[in-house]
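Below is one structure, written out as C-alpha cells, with a few remarks after it.
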Amino acid sequence: MTTNELTPLAISEQSTFAESPDALYALLAERTARYTMGDSTSLPLETAKRLLEGIVFCVALHQKSTESAVPKDAPLAERHRAGIAEAKRLWRRAKLLLSEAQRWQPPVVNIGFQETLSALPAFFKQYDADFFAQEVPCSIDYPLCQPVSDSLCGVEYVLDYLRRWLTESALLRACSKETLIDLYERYYGDYDDLLVNLYLPAMEIAVLCALAKTPVQALRLSEAERAAAWRHICAADETAARERIHTATERACNELHCTGAFARSYAEQTALDLMTRLRAIHAANPASML
C-alpha cells in the first residue's frame with residue numbers, strides 16, 4: 001500500500017489528530033522514504049500504520065513537553081522532529097531509572113520481578129524514537145500495585161513504570177528479608193513462582209498495623225488486632241474512614257521511611273483501595289469483620 005492510499009485511512013483512524021491532511025500526507029511520505037532509505041514509497045499496511053502512530057505520538061509528546069523551544073503552533077514537521085527529540089530525552093531519563101532499579105533491589109523478589117528486570121534493558125537497545133516511538137519493544141510482565149495509565153505508551157509508559165517500580169522497591173527495602181518472606185508466605189503461599197505484586201501486601205499490612213497501633217515494621221497482626229483494625233475502618237462513616245486511613249498511611253510511611261509526595265500519594269491510594277475493599281466486604285457480610 002502506498003502512502004497516498006494509506007492517508008485517508010490513517011486520518012479516519014486518528015480522528016482526534018487535528019492536523020491538515022496535506023501536511024500529514026507529506027510527513028508520512030517523508031517518513032516512509034526515510035524508513036525505506038528511498039527504495040520505495042510502498043509499505044505493508046501494518047508498517048505504514050505503525051509509522052503514522054509514531055508521528056501522532058511524537059507530535060503529542062511535543063505538545064505536552066515543557067522543555068522544547070519549538071512553538072506549539074510550528075509546522076507539523078518541526079513539531080514532529082521536536083517530539084522525536086523529546087522521546088530521546090525521556091529515553092535517557094528512563095535509562096537512569098533502570099540503573100537505579102538494578103542497583104536498589106528489595107531484599108525479596110519473585111520470578112516476575114526478576115524476569116521483568118532482566119527484560120527491561122532490551123527496551124533501551126531496541127527502542128526506535130525516530131520511527132516507532134510509541135512502541136515498547138520488550139516484555140513487561142511484573143504487575144505493579146498501581147498500574148501505569150493505559151493512555152501512556154512508548155517511552156512515556158516505560159518511564160512511568162520505572163518510577164512506580166522504584167517507589168515500590170524503596171518501601172520494600174525498609175523491611176527486613178525475614179519479615180517480608182513471612183508476610184508473603186502468609187499472603188500468597190508460593191509467592192516466588194507467582195506473578196504477583198510484592199508491594200501490595202506490605203503496604204496493606206503496614207496501614208493495618210498503624211490502625212491497630214502496633215509496630216509497623218513487624219508487618220504482622222494477631223487475629224484480634226486485625227479485626228480491630230478492620231472495624232476501625234468499617235464502623236466509621238466514609239469521611240471518618242478516609243481520615244483514619246490518611247492518618248494511618250502517614251504513620252506507616254514515616255516508620256518505613258517512605259518520603260516524597262509521589263511515594264506518599266502512591267501509598268495512600270493503595271490504602272484507600274484496601275478501605276474500599278474492606279467496606280464492601282463488611283457491607284455484604286457484617287459478621288465477616290467480627
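Quick note on naming: the chains in the C-alpha cells go A, B, ... in the order shown, residues restart at 1 in each chain, and ligands are numbered from 1 in order of appearance.
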
**Report entry** Shell of 9 Å around range 153-162 of chain A, only C-alpha atoms, local chain residues under 4 positions omitted, as a PyMOL selection string
**Finding:** chain A and resi 57+61+87-88+90-91+93-95+97-98+101+120+123+127+129+132-137+144+147-149+166-167

Next, dump the selected residues to file, keeping only C-alpha atoms, as a PDB file, in the first residue's frame.
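File produced: again.pdb:
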ATOM      1  CA  PHE A  57       2.843  10.007  19.336  1.00  0.00           C
ATOM      2  CA  LEU A  61       4.753  14.344  23.080  1.00  0.00           C
ATOM      3  CA  ALA A  87      11.285  10.937  23.182  1.00  0.00           C
ATOM      4  CA  LYS A  88      15.069  10.584  23.182  1.00  0.00           C
ATOM      5  CA  LEU A  90      12.794  10.722  28.097  1.00  0.00           C
ATOM      6  CA  TRP A  91      14.694   7.604  26.971  1.00  0.00           C
ATOM      7  CA  ARG A  93      15.837   9.651  31.900  1.00  0.00           C
ATOM      8  CA  ALA A  94      14.279   6.201  31.861  1.00  0.00           C
ATOM      9  CA  LYS A  95      17.668   4.583  31.392  1.00  0.00           C
ATOM     10  CA  LEU A  97      15.870   4.952  36.421  1.00  0.00           C
ATOM     11  CA  LEU A  98      16.616   1.455  35.151  1.00  0.00           C
ATOM     12  CA  ALA A 101      16.168  -0.233  39.730  1.00  0.00           C
ATOM     13  CA  LEU A 120      13.855  -4.105  30.513  1.00  0.00           C
ATOM     14  CA  PHE A 123      13.816  -1.702  25.555  1.00  0.00           C
ATOM     15  CA  TYR A 127      13.640   1.469  21.103  1.00  0.00           C
ATOM     16  CA  ALA A 129      12.346   7.011  18.630  1.00  0.00           C
ATOM     17  CA  PHE A 132       8.192   3.857  16.214  1.00  0.00           C
ATOM     18  CA  ALA A 133       8.409   5.965  19.366  1.00  0.00           C
ATOM     19  CA  GLN A 134       5.003   4.734  20.523  1.00  0.00           C
ATOM     20  CA  GLU A 135       6.165   1.127  20.932  1.00  0.00           C
ATOM     21  CA  VAL A 136       7.648  -0.785  23.874  1.00  0.00           C
ATOM     22  CA  PRO A 137       9.939  -3.424  22.341  1.00  0.00           C
ATOM     23  CA  LEU A 144       2.564  -3.005  39.736  1.00  0.00           C
ATOM     24  CA  PRO A 147      -0.572   0.275  37.217  1.00  0.00           C
ATOM     25  CA  VAL A 148       0.619   2.758  34.605  1.00  0.00           C
ATOM     26  CA  SER A 149      -2.229   4.545  32.834  1.00  0.00           C
ATOM     27  CA  LEU A 166      11.310   2.382  42.272  1.00  0.00           C
ATOM     28  CA  THR A 167       8.601   3.748  44.582  1.00  0.00           C
TER      29      THR A 167
END

Query raised in the report: So how far away is CA of Ala60 in chain A from CA of Ser42 in chain A, in Å?
Result: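 CA of Ala60 in chain A lies at a distance of 25.8 Å from CA of Ser42 in chain A.
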
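Near range 227-244 of chain A, within 8 Å and counting only C-alpha atoms, sit A:Leu208, A:Cys209, A:Leu211, A:Ala212, A:Glu223, A:Ala224, A:Thr247, A:Ala248, A:Leu272, A:Met275, A:Leu278, A:Arg279, A:His282, A:Met289, A:Leu290, not including residues fewer than 3 positions from it in the same chain.
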
Output file for the residues above (C-alpha atoms, as a PDB file, in the first residue's frame):
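This is the output file selection_7.pdb:
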ATOM      1  CA  LEU A 208      -3.447  -2.049  59.282  1.00  0.00           C
ATOM      2  CA  CYS A 209      -0.607  -2.120  61.822  1.00  0.00           C
ATOM      3  CA  LEU A 211      -4.569   1.481  62.547  1.00  0.00           C
ATOM      4  CA  ALA A 212      -4.100  -1.125  65.280  1.00  0.00           C
ATOM      5  CA  GLU A 223      -6.338 -12.053  64.556  1.00  0.00           C
ATOM      6  CA  ALA A 224      -7.742  -9.802  67.290  1.00  0.00           C
ATOM      7  CA  THR A 247      -3.559   9.206  59.374  1.00  0.00           C
ATOM      8  CA  ALA A 248      -2.597   5.516  59.353  1.00  0.00           C
ATOM      9  CA  LEU A 272      -7.802   3.713  50.030  1.00  0.00           C
ATOM     10  CA  MET A 275     -10.507   0.592  52.624  1.00  0.00           C
ATOM     11  CA  LEU A 278     -12.948  -3.981  53.310  1.00  0.00           C
ATOM     12  CA  ARG A 279     -16.007  -1.753  53.481  1.00  0.00           C
ATOM     13  CA  HIS A 282     -18.436  -5.553  55.521  1.00  0.00           C
ATOM     14  CA  MET A 289     -15.349  -8.318  60.404  1.00  0.00           C
ATOM     15  CA  LEU A 290     -16.051  -9.742  63.816  1.00  0.00           C
TER      16      LEU A 290
END

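Comparing the minimum interatomic distances between Glu168 in chain A and each of A:Ser222, A:Gln114, A:Gln146, A:Ser65, counting only C-alpha atoms, we find that A:Gln146 sits nearest.
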
Query raised in the report: Contacts of Ala218 in chain A at 10 Å or less, counting only C-alpha atoms, minus same-chain residues fewer than 6 places along, as a ChimeraX atom specification?
Result: /A:175-176,179-180,183,205-206,209

Report task. Would you work out the distance separating CA of Tyr35 in chain A from CA of Ala48 in chain A, expressed in Å to one decimal? Result -> 10.0 Å
